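Listing of run_19.cif, mmCIF, C-alpha atoms and all ligand atoms
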data_protein
loop_
_atom_site.label_atom_id
_atom_site.label_comp_id
_atom_site.auth_asym_id
_atom_site.auth_seq_id
_atom_site.Cartn_x
_atom_site.Cartn_y
_atom_site.Cartn_z
CA MET Z 1 94.93 120.49 93.88
CA VAL Z 2 94.59 122.54 97.04
CA LEU Z 3 91.17 123.88 97.89
CA GLU Z 4 91.08 127.47 99.12
CA LYS Z 5 89.14 127.82 102.37
CA ASN Z 6 87.02 130.72 101.10
CA ARG Z 7 85.42 128.51 98.43
CA ILE Z 8 83.94 126.31 101.15
CA ALA Z 9 82.90 129.31 103.23
CA GLU Z 10 81.16 130.85 100.22
CA PHE Z 11 79.32 127.62 99.45
CA ASN Z 12 78.25 127.23 103.09
CA GLY Z 13 77.04 130.81 103.13
CA LEU Z 14 74.59 130.06 100.33
CA HIS Z 15 73.09 127.15 102.24
CA ALA Z 16 73.39 128.47 105.80
CA ALA Z 17 69.84 129.74 106.38
CA ALA Z 18 68.08 126.63 105.10
CA HIS Z 19 70.46 124.41 107.06
CA GLN Z 20 69.96 126.40 110.26
CA ARG Z 21 66.18 125.90 110.16
CA LYS Z 22 66.53 122.13 109.79
CA PHE Z 23 69.27 121.87 112.40
CA GLU Z 24 67.45 123.91 115.05
CA PHE Z 25 64.32 121.83 114.74
CA LEU Z 26 66.35 118.63 115.11
CA ALA Z 27 68.50 119.98 117.95
CA SER Z 28 65.40 120.72 120.02
CA GLU Z 29 64.57 117.00 119.91
CA ILE Z 30 68.01 115.71 120.99
CA ASN Z 31 69.05 115.77 124.65
CA ASN Z 32 72.81 115.94 124.59
CA VAL Z 33 73.20 117.65 121.25
CA GLU Z 34 76.44 119.53 122.00
CA ASP Z 35 78.09 116.38 123.25
CA VAL Z 36 76.98 114.45 120.16
CA LEU Z 37 78.28 117.21 117.88
CA GLN Z 38 81.69 117.17 119.54
CA LYS Z 39 81.94 113.40 119.13
CA LEU Z 40 81.05 113.72 115.45
CA ILE Z 41 83.68 116.42 114.98
CA ASP Z 42 86.36 114.27 116.63
CA PHE Z 43 85.55 111.11 114.68
CA GLN Z 44 87.90 110.38 111.76
CA VAL Z 45 87.76 107.60 109.19
CA ALA Z 46 90.94 106.53 107.41
CA ILE Z 47 90.94 106.28 103.63
CA PRO Z 48 92.79 103.34 102.04
CA SER Z 49 95.34 104.31 99.44
CA TRP Z 50 93.96 101.62 97.10
CA ALA Z 51 90.43 103.06 96.99
CA LEU Z 52 91.37 106.23 95.11
CA GLY Z 53 91.42 104.62 91.71
CA THR Z 54 88.63 102.83 89.89
CA GLY Z 55 88.58 99.16 90.83
CA GLY Z 56 88.10 96.31 88.47
CA THR Z 57 86.52 92.91 88.28
CA ARG Z 58 88.18 89.78 86.94
CA PHE Z 59 86.55 90.67 83.63
CA GLY Z 60 87.92 94.13 83.13
CA ARG Z 61 88.80 97.49 84.48
CA PHE Z 62 87.30 100.71 83.25
CA ALA Z 63 89.64 103.31 84.64
CA GLY Z 64 88.29 106.76 85.33
CA ALA Z 65 90.13 109.92 84.44
CA GLY Z 66 92.30 112.08 86.64
CA GLU Z 67 93.17 109.19 88.93
CA PRO Z 68 96.18 109.66 91.21
CA GLY Z 69 99.30 108.34 89.50
CA SER Z 70 101.63 108.55 92.50
CA LEU Z 71 101.61 108.36 96.26
CA GLU Z 72 101.82 112.15 96.42
CA GLN Z 73 98.67 112.44 94.33
CA LYS Z 74 96.91 109.86 96.50
CA LEU Z 75 97.69 111.99 99.52
CA GLU Z 76 96.36 115.01 97.66
CA ASP Z 77 93.10 113.16 97.03
CA VAL Z 78 92.67 112.23 100.68
CA GLY Z 79 93.58 115.80 101.60
CA LEU Z 80 90.81 116.97 99.30
CA LEU Z 81 88.29 114.62 100.89
CA HIS Z 82 89.37 115.82 104.31
CA ALA Z 83 89.03 119.47 103.31
CA LEU Z 84 85.49 118.70 102.13
CA ASN Z 85 84.27 116.76 105.18
CA GLN Z 86 86.93 117.18 107.94
CA SER Z 87 86.26 113.52 108.78
CA SER Z 88 88.88 111.80 106.61
CA GLY Z 89 92.05 112.84 108.38
CA ALA Z 90 94.06 109.66 107.81
CA ILE Z 91 95.40 107.47 105.04
CA SER Z 92 96.19 103.76 105.18
CA LEU Z 93 98.98 102.56 102.90
CA HIS Z 94 99.33 99.20 101.18
CA ILE Z 95 102.91 98.00 100.66
CA PRO Z 96 104.36 97.48 98.06
CA TRP Z 97 101.68 99.34 96.08
CA ASP Z 98 102.60 102.58 97.85
CA ILE Z 99 106.21 102.65 98.96
CA PRO Z 100 107.29 106.17 99.91
CA GLU Z 101 110.50 107.25 98.21
CA ASN Z 102 111.17 110.13 100.53
CA TYR Z 103 109.70 109.76 104.00
CA ALA Z 104 110.40 113.32 105.09
CA ALA Z 105 108.71 114.80 102.03
CA ILE Z 106 105.66 112.53 102.32
CA LYS Z 107 105.33 113.26 106.02
CA ALA Z 108 105.58 116.99 105.39
CA GLN Z 109 102.90 116.79 102.70
CA ALA Z 110 100.60 114.78 104.98
CA ALA Z 111 101.08 117.25 107.82
CA GLN Z 112 100.24 120.13 105.54
CA LEU Z 113 97.02 118.41 104.51
CA GLY Z 114 96.16 117.56 108.12
CA LEU Z 115 96.54 113.82 107.54
CA GLN Z 116 97.86 111.05 109.80
CA PHE Z 117 99.17 107.68 108.68
CA ASP Z 118 96.82 104.93 109.79
CA ALA Z 119 97.58 101.18 109.76
CA VAL Z 120 100.04 99.92 107.16
CA ASN Z 121 98.97 96.87 105.17
CA SER Z 122 101.16 94.02 103.97
CA ASN Z 123 100.58 92.14 100.74
CA THR Z 124 101.42 88.46 100.48
CA PHE Z 125 98.39 87.68 98.32
CA GLN Z 126 100.14 88.56 95.06
CA ASP Z 127 103.54 87.79 93.61
CA GLN Z 128 105.52 90.93 92.85
CA LYS Z 129 107.92 91.02 89.95
CA ASP Z 130 111.45 90.09 91.03
CA GLN Z 131 109.99 88.09 93.92
CA GLU Z 132 111.98 84.93 94.53
CA LEU Z 133 109.34 82.50 95.80
CA SER Z 134 105.66 82.31 94.88
CA TYR Z 135 102.63 82.71 97.14
CA LYS Z 136 100.48 80.55 94.89
CA PHE Z 137 100.01 78.05 97.72
CA GLY Z 138 99.97 80.50 100.56
CA SER Z 139 102.38 82.72 102.43
CA LEU Z 140 102.51 82.57 106.23
CA GLN Z 141 100.95 79.08 106.14
CA HIS Z 142 103.14 77.71 103.36
CA VAL Z 143 104.49 74.13 103.62
CA ASN Z 144 107.93 75.45 102.62
CA LYS Z 145 109.72 77.30 105.39
CA ALA Z 146 111.58 79.50 102.90
CA VAL Z 147 108.30 80.91 101.56
CA ARG Z 148 107.09 81.60 105.09
CA LYS Z 149 110.35 83.35 105.85
CA GLN Z 150 110.02 85.57 102.78
CA ALA Z 151 106.47 86.53 103.81
CA ILE Z 152 107.54 87.22 107.40
CA GLU Z 153 110.34 89.45 106.17
CA HIS Z 154 107.94 91.36 103.95
CA ASN Z 155 105.70 92.06 106.96
CA ILE Z 156 108.67 93.23 109.02
CA ASP Z 157 109.65 95.46 106.14
CA VAL Z 158 106.14 96.95 106.10
CA ILE Z 159 106.44 97.70 109.82
CA LYS Z 160 109.69 99.57 109.09
CA HIS Z 161 107.96 101.74 106.48
CA GLY Z 162 105.18 102.41 108.98
CA VAL Z 163 107.62 103.41 111.70
CA GLU Z 164 109.18 105.98 109.37
CA LEU Z 165 105.76 107.46 108.65
CA GLY Z 166 104.40 107.44 112.19
CA SER Z 167 101.88 104.61 111.77
CA LYS Z 168 101.08 102.62 114.88
CA SER Z 169 99.63 99.40 113.52
CA LEU Z 170 100.07 96.65 110.94
CA THR Z 171 97.07 94.99 109.30
CA VAL Z 172 97.64 91.48 108.04
CA TRP Z 173 95.11 90.08 105.63
CA LEU Z 174 96.01 86.64 104.28
CA SER Z 175 94.57 85.00 101.23
CA ASP Z 176 96.04 81.73 102.56
CA GLY Z 177 93.84 78.66 102.53
CA SER Z 178 92.93 75.87 100.17
CA CYS Z 179 90.65 75.42 97.20
CA PHE Z 180 89.97 71.69 97.41
CA PRO Z 181 89.37 69.11 100.13
CA GLY Z 182 92.54 67.30 101.06
CA GLN Z 183 94.81 70.02 99.73
CA LEU Z 184 95.83 71.24 103.16
CA ASN Z 185 96.37 69.89 106.64
CA PHE Z 186 94.29 72.48 108.57
CA ARG Z 187 96.20 72.02 111.81
CA LYS Z 188 99.62 72.38 110.18
CA ALA Z 189 98.45 75.40 108.21
CA PHE Z 190 97.23 77.00 111.45
CA GLN Z 191 100.45 76.20 113.31
CA ASN Z 192 102.65 77.52 110.50
CA THR Z 193 100.60 80.71 110.31
CA LEU Z 194 100.73 81.16 114.07
CA GLU Z 195 104.51 80.71 114.18
CA SER Z 196 104.93 83.16 111.30
CA LEU Z 197 102.68 85.71 113.01
CA GLN Z 198 104.67 85.24 116.21
CA GLU Z 199 107.84 86.28 114.41
CA ILE Z 200 106.09 89.34 113.00
CA TYR Z 201 104.66 90.12 116.42
CA ALA Z 202 108.15 90.00 117.91
CA ALA Z 203 109.23 92.71 115.47
CA LEU Z 204 106.46 95.14 116.51
CA PRO Z 205 107.63 98.30 118.24
CA GLU Z 206 106.50 98.76 121.84
CA ASP Z 207 103.55 101.04 121.04
CA TRP Z 208 102.34 99.15 117.95
CA LYS Z 209 99.42 96.81 117.40
CA VAL Z 210 98.87 94.07 114.84
CA PHE Z 211 95.41 93.57 113.35
CA VAL Z 212 94.52 90.08 112.12
CA GLU Z 213 91.85 90.41 109.44
CA TYR Z 214 89.66 87.41 108.69
CA LYS Z 215 87.74 86.45 105.59
CA ALA Z 216 85.47 83.46 105.04
CA PHE Z 217 86.09 82.89 101.32
CA GLU Z 218 87.96 84.15 98.28
CA PRO Z 219 90.47 83.79 96.76
CA ASN Z 220 90.53 80.37 98.37
CA PHE Z 221 87.15 78.69 98.16
CA TYR Z 222 87.37 75.57 100.31
CA SER Z 223 89.16 76.84 103.42
CA MET Z 224 90.64 80.10 104.57
CA THR Z 225 93.34 79.87 107.21
CA VAL Z 226 92.03 82.99 108.97
CA GLY Z 227 88.44 82.30 107.98
CA ASP Z 228 86.31 83.85 110.68
CA TRP Z 229 86.37 85.85 113.89
CA GLY Z 230 86.87 82.72 115.99
CA GLN Z 231 90.04 81.82 114.16
CA SER Z 232 91.28 85.40 114.17
CA LEU Z 233 90.62 85.65 117.90
CA LEU Z 234 92.53 82.39 118.46
CA TYR Z 235 95.57 83.91 116.75
CA ALA Z 236 95.15 87.23 118.57
CA ASN Z 237 94.86 85.55 121.97
CA LYS Z 238 97.86 83.30 121.35
CA LEU Z 239 99.95 86.20 120.05
CA GLY Z 240 99.45 88.50 123.02
CA PRO Z 241 98.14 91.90 124.11
CA LYS Z 242 99.27 93.78 121.01
CA ALA Z 243 97.23 91.57 118.66
CA TYR Z 244 93.59 92.23 117.78
CA THR Z 245 90.85 91.00 115.46
CA LEU Z 246 89.91 93.24 112.55
CA VAL Z 247 86.36 93.14 111.21
CA ASP Z 248 85.81 93.78 107.50
CA LEU Z 249 82.07 93.95 106.93
CA GLY Z 250 82.22 92.08 103.61
CA HIS Z 251 84.20 89.13 104.91
CA HIS Z 252 81.39 87.15 106.51
CA LEU Z 253 79.18 84.34 105.31
CA PRO Z 254 75.72 85.59 104.27
CA ASN Z 255 73.45 86.84 107.06
CA ALA Z 256 76.13 86.66 109.77
CA ASN Z 257 75.14 88.67 112.84
CA ILE Z 258 78.05 91.09 112.67
CA GLU Z 259 76.73 93.30 115.47
CA GLN Z 260 76.90 90.37 117.87
CA ILE Z 261 80.44 89.52 116.78
CA VAL Z 262 81.47 93.12 117.37
CA SER Z 263 79.86 93.24 120.78
CA LEU Z 264 81.71 90.14 122.00
CA LEU Z 265 85.08 91.16 120.53
CA LEU Z 266 84.72 94.49 122.32
CA MET Z 267 83.84 92.71 125.55
CA GLU Z 268 87.05 90.71 125.26
CA GLY Z 269 89.10 93.83 124.55
CA LYS Z 270 90.18 92.26 121.25
CA LEU Z 271 88.40 94.37 118.64
CA ALA Z 272 90.98 96.14 116.47
CA GLY Z 273 88.57 98.16 114.42
CA PHE Z 274 86.87 98.12 111.07
CA HIS Z 275 87.11 97.93 107.37
CA PHE Z 276 83.80 99.49 106.35
CA ASN Z 277 82.05 98.62 103.10
CA ASP Z 278 78.74 97.08 102.09
CA SER Z 279 77.65 94.06 100.13
CA LYS Z 280 74.69 92.20 98.71
CA TYR Z 281 76.28 88.85 97.90
CA GLY Z 282 79.87 88.49 99.05
CA ASP Z 283 82.95 90.65 99.46
CA ASP Z 284 81.41 93.19 97.11
CA ASP Z 285 83.28 96.20 98.55
CA LEU Z 286 80.35 98.49 97.77
CA THR Z 287 79.80 101.97 99.19
CA VAL Z 288 79.21 101.90 102.95
CA GLY Z 289 75.51 101.99 103.78
CA SER Z 290 74.39 101.48 100.19
CA ILE Z 291 72.74 98.10 100.77
CA LYS Z 292 72.18 97.50 104.50
CA PRO Z 293 72.13 100.82 106.37
CA TYR Z 294 70.08 99.33 109.23
CA GLN Z 295 72.78 96.73 109.86
CA LEU Z 296 75.40 99.48 109.88
CA PHE Z 297 73.36 101.34 112.51
CA LEU Z 298 72.99 98.17 114.62
CA ILE Z 299 76.77 97.67 114.47
CA PHE Z 300 77.39 101.23 115.62
CA ASN Z 301 74.78 100.79 118.30
CA GLU Z 302 76.82 97.91 119.76
CA LEU Z 303 80.05 99.85 119.28
CA VAL Z 304 78.88 102.90 121.18
CA GLU Z 305 77.31 100.82 123.96
CA GLY Z 306 80.38 98.59 124.25
CA MET Z 307 82.95 101.40 124.07
CA ASP Z 308 81.08 103.41 126.71
CA ALA Z 309 80.85 100.35 128.95
CA ARG Z 310 84.65 100.07 128.79
CA GLY Z 311 85.25 103.81 129.08
CA MET Z 312 86.89 103.94 125.67
CA ASP Z 313 87.60 106.99 123.52
CA HIS Z 314 85.41 106.57 120.43
CA ALA Z 315 87.75 108.52 118.18
CA THR Z 316 91.09 106.96 119.03
CA ASP Z 317 90.76 103.57 120.74
CA LEU Z 318 89.71 101.62 117.66
CA GLY Z 319 90.86 101.74 114.02
CA TRP Z 320 88.21 103.11 111.66
CA MET Z 321 88.85 102.58 107.99
CA ILE Z 322 87.01 102.23 104.72
CA ASP Z 323 87.91 99.25 102.54
CA ALA Z 324 86.01 99.61 99.31
CA SER Z 325 86.61 99.31 95.63
CA HIS Z 326 84.29 100.80 93.09
CA ASN Z 327 83.97 99.79 89.50
CA VAL Z 328 81.40 102.23 88.24
CA LYS Z 329 81.60 105.35 90.41
CA ASP Z 330 84.01 108.22 90.71
CA PRO Z 331 86.17 106.98 93.62
CA LEU Z 332 86.18 110.34 95.39
CA GLU Z 333 82.41 110.71 95.17
CA ASP Z 334 82.05 107.16 96.41
CA LEU Z 335 84.32 107.83 99.39
CA LEU Z 336 82.36 110.97 100.27
CA GLN Z 337 79.20 108.86 100.29
CA SER Z 338 80.86 106.19 102.44
CA VAL Z 339 82.13 108.64 105.05
CA GLU Z 340 78.70 110.30 105.20
CA ALA Z 341 77.04 106.90 105.78
CA ILE Z 342 79.47 106.12 108.60
CA MET Z 343 78.93 109.49 110.27
CA LEU Z 344 75.19 109.08 110.01
CA ALA Z 345 75.19 105.60 111.56
CA TYR Z 346 77.49 106.85 114.33
CA ALA Z 347 75.21 109.85 114.97
CA GLN Z 348 72.20 107.55 115.15
CA ALA Z 349 73.96 105.29 117.64
CA LEU Z 350 74.93 108.30 119.76
CA THR Z 351 71.30 109.41 120.00
CA VAL Z 352 69.78 106.06 121.04
CA ASP Z 353 68.08 106.45 124.41
CA ARG Z 354 70.25 103.93 126.27
CA LYS Z 355 68.42 104.20 129.57
CA GLN Z 356 65.12 103.36 127.94
CA LEU Z 357 66.64 100.59 125.86
CA ASN Z 358 68.24 99.07 128.91
CA ALA Z 359 64.95 99.25 130.81
CA ALA Z 360 63.13 97.59 127.91
CA GLN Z 361 65.73 94.81 127.82
CA GLU Z 362 65.53 94.23 131.57
CA ALA Z 363 61.73 94.05 131.36
CA ASN Z 364 61.76 91.70 128.35
CA ASP Z 365 59.76 94.35 126.52
CA VAL Z 366 60.69 93.24 123.02
CA VAL Z 367 58.31 95.63 121.30
CA ALA Z 368 59.63 98.68 123.15
CA ALA Z 369 63.23 97.71 122.42
CA GLN Z 370 62.49 97.49 118.71
CA GLU Z 371 60.60 100.80 118.79
CA ILE Z 372 63.52 102.59 120.45
CA LEU Z 373 66.03 101.42 117.86
CA GLN Z 374 63.78 101.95 114.87
CA ASN Z 375 62.61 105.40 115.99
CA THR Z 376 66.22 106.47 116.14
CA PHE Z 377 67.08 104.87 112.84
CA ARG Z 378 64.14 106.55 111.13
CA THR Z 379 64.95 110.01 112.44
CA ASP Z 380 66.67 112.04 109.75
CA LEU Z 381 69.95 113.09 111.40
CA ARG Z 382 71.57 114.50 108.29
CA PRO Z 383 71.30 118.12 109.54
CA LEU Z 384 73.19 117.08 112.69
CA VAL Z 385 76.05 115.59 110.69
CA ALA Z 386 76.06 118.65 108.44
CA GLU Z 387 76.23 120.93 111.48
CA ALA Z 388 79.29 119.04 112.76
CA ARG Z 389 80.90 119.62 109.37
CA LEU Z 390 79.98 123.30 109.40
CA ARG Z 391 81.56 123.78 112.82
CA SER Z 392 84.78 122.08 111.76
CA GLY Z 393 85.18 124.18 108.63
CA ALA Z 394 84.07 121.52 106.16
CA ALA Z 395 81.47 121.84 103.42
CA LEU Z 396 77.84 121.50 104.52
CA TYR Z 397 77.24 119.17 101.58
CA PRO Z 398 80.57 117.73 100.35
CA LEU Z 399 79.25 115.74 97.40
CA GLN Z 400 77.24 118.65 96.07
CA PHE Z 401 80.29 120.87 96.45
CA PHE Z 402 82.49 118.33 94.63
CA ARG Z 403 80.08 118.27 91.69
CA GLU Z 404 79.15 121.94 91.50
CA GLN Z 405 82.75 123.07 91.76
CA LYS Z 406 83.79 120.51 89.12
CA LEU Z 407 86.64 119.12 91.20
CA ARG Z 408 87.09 115.97 89.12
CA GLU Z 409 87.31 118.09 85.98
CA ALA Z 410 90.05 120.13 87.68
CA LEU Z 411 91.93 116.93 88.56
CA ILE Z 412 91.67 115.68 84.98
CA LYS Z 413 93.08 118.98 83.77
CA GLU Z 414 95.97 118.60 86.17
CA ARG Z 415 96.71 114.90 85.73
CA GLY Z 416 95.28 113.97 82.37
CA SER Z 417 92.75 111.34 81.50
CA LYS Z 418 95.06 108.33 81.17
CA THR Z 419 96.37 107.94 84.72
CA VAL Z 420 95.82 104.65 86.53
CA ALA Z 421 96.17 104.28 90.29
CA THR Z 422 97.96 101.30 91.84
CA GLY Z 423 95.85 98.80 93.72
CA LEU Z 424 93.60 95.93 92.81
C1 LIG H 501 90.97 92.35 100.79
C2 LIG H 501 90.94 92.64 102.26
C3 LIG H 501 92.15 93.36 102.76
C4 LIG H 501 93.10 93.69 101.69
C5 LIG H 501 92.44 94.26 100.47
C6 LIG H 501 93.38 94.35 99.31
O1 LIG H 501 89.75 93.23 102.62
O2 LIG H 501 91.85 94.43 103.56
O3 LIG H 501 94.10 94.50 102.16
O4 LIG H 501 91.30 93.51 100.07
O5 LIG H 501 92.85 95.16 98.34
O6 LIG H 501 89.74 91.80 100.40
MN MN H 502 89.62 94.61 104.34
MN MN H 503 87.75 92.56 101.33
#

Written form, structure tokens:
Amino acid sequence: MVLEKNRIAEFNGLHAAAHQRKFEFLASEINNVEDVLQKLIDFQVAIPSWALGTGGTRFGRFAGAGEPGSLEQKLEDVGLLHALNQSSGAISLHIPWDIPENYAAIKAQAAQLGLQFDAVNSNTFQDQKDQELSYKFGSLQHVNKAVRKQAIEHNIDVIKHGVELGSKSLTVWLSDGSCFPGQLNFRKAFQNTLESLQEIYAALPEDWKVFVEYKAFEPNFYSMTVGDWGQSLLYANKLGPKAYTLVDLGHHLPNANIEQIVSLLLMEGKLAGFHFNDSKYGDDDLTVGSIKPYQLFLIFNELVEGMDARGMDHATDLGWMIDASHNVKDPLEDLLQSVEAIMLAYAQALTVDRKQLNAAQEANDVVAAQEILQNTFRTDLRPLVAEARLRSGAALYPLQFFREQKLREALIKERGSKTVATGL
């Protein structure tokens, strides 16, 4: 489904006057408002190809209707999101769930929708049918060299797909680890994984990066071979300058201080970027900002401060991606909510008075420091984010537009109610 531009313009026209009043009031309170708006317009968040269908739990899956049944339809969905918010201009593919059959056609479709190909993701956490050797006891860490070789070759294959599409990075998330004490020799598992990653690293094109994603638990419950940011950073440092640590918000032990982790990874020049989501208990993959919006703001606060300290380009120097899976919501509505939460947290971070915060920190004025952050967090910046959308030709209120214009109903009409998207 392609959305005609005039539908968005018409919708925005209806809401323009009310929006203008709210925006002008807010703009008068913000110093560098034009600069902030431009940064918001430039900022793009990649959508994972596996988040466009309804997720499941180990108990069941309640598929929605009108889900994308092919890679082409997944691209269409991301194109639709991007048309609605102009902030979702990239898609991240998971191989082999989404192997393009015709690169030229897929690239042409993406270009038409204004989409780039973000990081490509390998999958050695499942056995595929026709696969020779099993990953039941790990992949890149496996005690059997032949299994490691198979997993290495898969990753190199994923890089080749990415090259064809114009991606510039590979994300490796491993489910490798052990479930019981004594099952694994930690040191050997680390060494095997490192050697495997070194072979993959050697196959990276000159201008590519590899992102090593860590996760503290699940599906292995006793040890994970890339279990935390320290271990990921060890791999990244040993691999070389093209290797970075990827932070997925749901992959930490409870109450981890993620903003501090982010700050130090940035300082070391080793932060790859993000998989955004939210969680209450574990790797819940809930909508970004739905549970801990203040933490999200604190993370962005460190990001903006750290990127500015290093003179980085906010929009292009790190990888920004959503990694969520939703069991009870319409996936497209959920993604619109997630992107909005990210833009809001970024806007908040951009409007923190850094001079004052710095002065408060230097003076050990703890109360003032807290006031500065909380004042910003409690300021309603939604009209600012909406204004950025308006200026880039997106809908003022994407979710409202999606519902009022019955876009899911149109997709169901087009695709039927029995389609199921690939993914977890
Ligand atoms: C995992 C990781 C990783 C992986 C994805 C698969 O977050 O990013 O690619 O889920 O669905 O938990
Ligand atoms: Mn992830
Ligand atoms: Mn995850």

For chain Z against ligand LIG 501 (chain H), with a cut-off of 9 Å and counting all atoms listed in the file, what is the closest atom pair and its distance in Å to one decimal for every residue that makes the cut, ordered by chain and number, as a tab-separated table?
residue	atom	partner	partner_atom	distance
Z:Pro48	CA	H:LIG501	O3	8.9
Z:Trp50	CA	H:LIG501	O5	6.7
Z:Ala51	CA	H:LIG501	O5	8.4
Z:His94	CA	H:LIG501	O3	7.1
Z:Asn121	CA	H:LIG501	O3	6.2
Z:Ser122	CA	H:LIG501	O3	7.3
Z:Asn123	CA	H:LIG501	O3	7.0
Z:Phe125	CA	H:LIG501	C6	8.4
Z:Thr171	CA	H:LIG501	O3	7.7
Z:Val172	CA	H:LIG501	O3	7.5
Z:Trp173	CA	H:LIG501	C3	5.3
Z:Leu174	CA	H:LIG501	C3	7.9
Z:Ser175	CA	H:LIG501	C1	8.2
Z:Glu213	CA	H:LIG501	O2	7.1
Z:Tyr214	CA	H:LIG501	C2	8.4
Z:Lys215	CA	H:LIG501	O1	7.7
Z:Glu218	CA	H:LIG501	O6	8.1
Z:Pro219	CA	H:LIG501	O6	8.8
Z:Asp248	CA	H:LIG501	O1	6.3
Z:Leu249	CA	H:LIG501	O1	8.8
Z:Gly250	CA	H:LIG501	O1	7.7
Z:His251	CA	H:LIG501	O1	7.3
Z:His275	CA	H:LIG501	O2	7.0
Z:Asp283	CA	H:LIG501	O6	7.0
Z:Asp285	CA	H:LIG501	O6	8.0
Z:Asp323	CA	H:LIG501	O1	6.3
Z:Ala324	CA	H:LIG501	O1	8.1
Z:Ser325	CA	H:LIG501	O5	8.0
Z:Gly423	CA	H:LIG501	O5	6.6
Z:Leu424	CA	H:LIG501	O5	5.6

field: Distance criterion (only C-alpha atoms): nearest to Gln183 in chain Z out of Z:Ser279, Z:Ser70, Z:Thr57, Z:Asn220
entry: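 Checking each of Z:Ser279, Z:Ser70, Z:Thr57, Z:Asn220 against Gln183 in chain Z, counting only C-alpha atoms, the winner is Z:Asn220.
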
Near Val210 in chain Z, within 6 Å and counting only C-alpha atoms, which residues show up once chain neighbours fewer than 3 positions away are dropped, as an mmCIF file with C-alpha atoms, keeping the file's coordinate frame?
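Just written: part_25.cif:
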data_model
loop_
_atom_site.group_PDB
_atom_site.id
_atom_site.type_symbol
_atom_site.label_atom_id
_atom_site.label_comp_id
_atom_site.auth_asym_id
_atom_site.auth_seq_id
_atom_site.Cartn_x
_atom_site.Cartn_y
_atom_site.Cartn_z
ATOM 1 C CA SER Z 169 99.630 99.400 113.520
ATOM 2 C CA LEU Z 170 100.070 96.650 110.940
ATOM 3 C CA THR Z 171 97.070 94.990 109.300
ATOM 4 C CA ALA Z 243 97.230 91.570 118.660
#

task: Name the closest residue to Phe211 in chain Z among the candidates Z:Ile152, Z:Leu303, Z:Leu37, Z:Val120; distances are taken between atoms, counting all atoms listed in the file.
output: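 The closest residue to Phe211 in chain Z is Z:Val120.
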
statement: One residue among Z:Ala216, Z:Leu350, Z:Leu165, Z:Ala119 is nearest to ligand MN 503 (chain H) when using only C-alpha atoms and all ligand atoms, and that residue is Z:Ala216

field: Residue nearest Ala421 in chain Z among Z:Lys74, Z:Lys22, Z:Arg378, Z:His142 (counting all atoms listed in the file)
entry: Z:Lys74

- prompt: Which one of Z:Gly79, Z:Arg61, Z:Ile200, Z:Lys209 sits closest to Asp157 in chain Z if you count only C-alpha atoms?
  reply: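 Using only C-alpha atoms, the shortest distance to Asp157 in chain Z belongs to Z:Ile200.
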
- prompt: Between Z:Gly416, Z:Gly273, Z:Gly60, Z:Gly311, which is the closest to ligand MN 502 (chain H) once you count all atoms listed in the file?
  reply: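 Ranked by minimum distance to ligand MN 502 (chain H), first place goes to Z:Gly273.
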
field: Long-range neighbours of Ala46 in chain Z as a PyMOL selection string, 10 Å cut-off, all atoms listed in the file, 3 positions minimum in chain
entry: chain Z and resi 49+78+82+87-92+115-119+275+319-323+339

Gap from CA of Leu399 in chain Z to CA of Val288 in chain Z - Å, one decimal: 14.9 Å

- request: May I ask for the distance between CA of Pro254 in chain Z and CA of Phe217 in chain Z, given in Å to one decimal place?
  value: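 Result for CA of Pro254 in chain Z versus CA of Phe217 in chain Z: 11.1 Å, one decimal.
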
task: Could you give me, as a PyMOL selection string, the residues that have an atom at most 12 Å away from the point (105.2, 96.8, 120.2) in the coordinates of the file, using only C-alpha atoms?
output: chain Z and resi 159+163+167-170+200-210+239-243

Near-Glu340 in chain Z list (10 Å; all atoms listed in the file; drop same-chain fewer than 6 positions) as a list in words: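 These residues fall inside the cut-off: Asn85, Ser87, Val288, Gly289, Asp334, Tyr346, Arg382, Val385, Ala386, Tyr397, Pro398 and Leu399 of chain Z.
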
message: Residues within 9 Å of Val304 in chain Z, please, as JSON, numbers by chain. Count all atoms listed in the file; anything in the same chain fewer than 4 positions from it doesn't count.
response: {"Z": [299, 300, 308, 309, 314, 346, 349, 350]}

- prompt: In Å to one decimal, how far is CA of Val420 in chain Z from CA of Ala63 in chain Z?
  reply: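 According to the coordinates, CA of Ala63 in chain Z and CA of Val420 in chain Z are separated by 6.6 Å.
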
field: Neighbour list for Ala151 in chain Z as a list in words, cut-off 8 Å, all atoms listed in the file, skip fewer than 3 positions in-chain
entry: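 That gives Thr124, Ser139, Leu140, Val147, Arg148, His154 and Asn155 of chain Z.
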
As a CSV table (one decimal), keeping the file's coordinate frame, could you write out range 320-324 of chain Z once it has been completed with N, CA and C atoms?
chain,number,residue,atom,x,y,z
Z,320,TRP,N,89.4,103.0,112.6
Z,320,TRP,CA,88.2,103.1,111.7
Z,320,TRP,C,88.7,103.3,110.2
Z,321,MET,N,88.4,102.4,109.4
Z,321,MET,CA,88.8,102.6,108.0
Z,321,MET,C,87.8,102.1,107.0
Z,322,ILE,N,87.8,102.7,105.8
Z,322,ILE,CA,87.0,102.2,104.7
Z,322,ILE,C,87.8,101.2,103.9
Z,323,ASP,N,87.2,100.2,103.5
Z,323,ASP,CA,87.9,99.2,102.5
Z,323,ASP,C,86.9,99.0,101.4
Z,324,ALA,N,87.0,99.8,100.4
Z,324,ALA,CA,86.0,99.6,99.3
Z,324,ALA,C,86.7,99.7,98.0
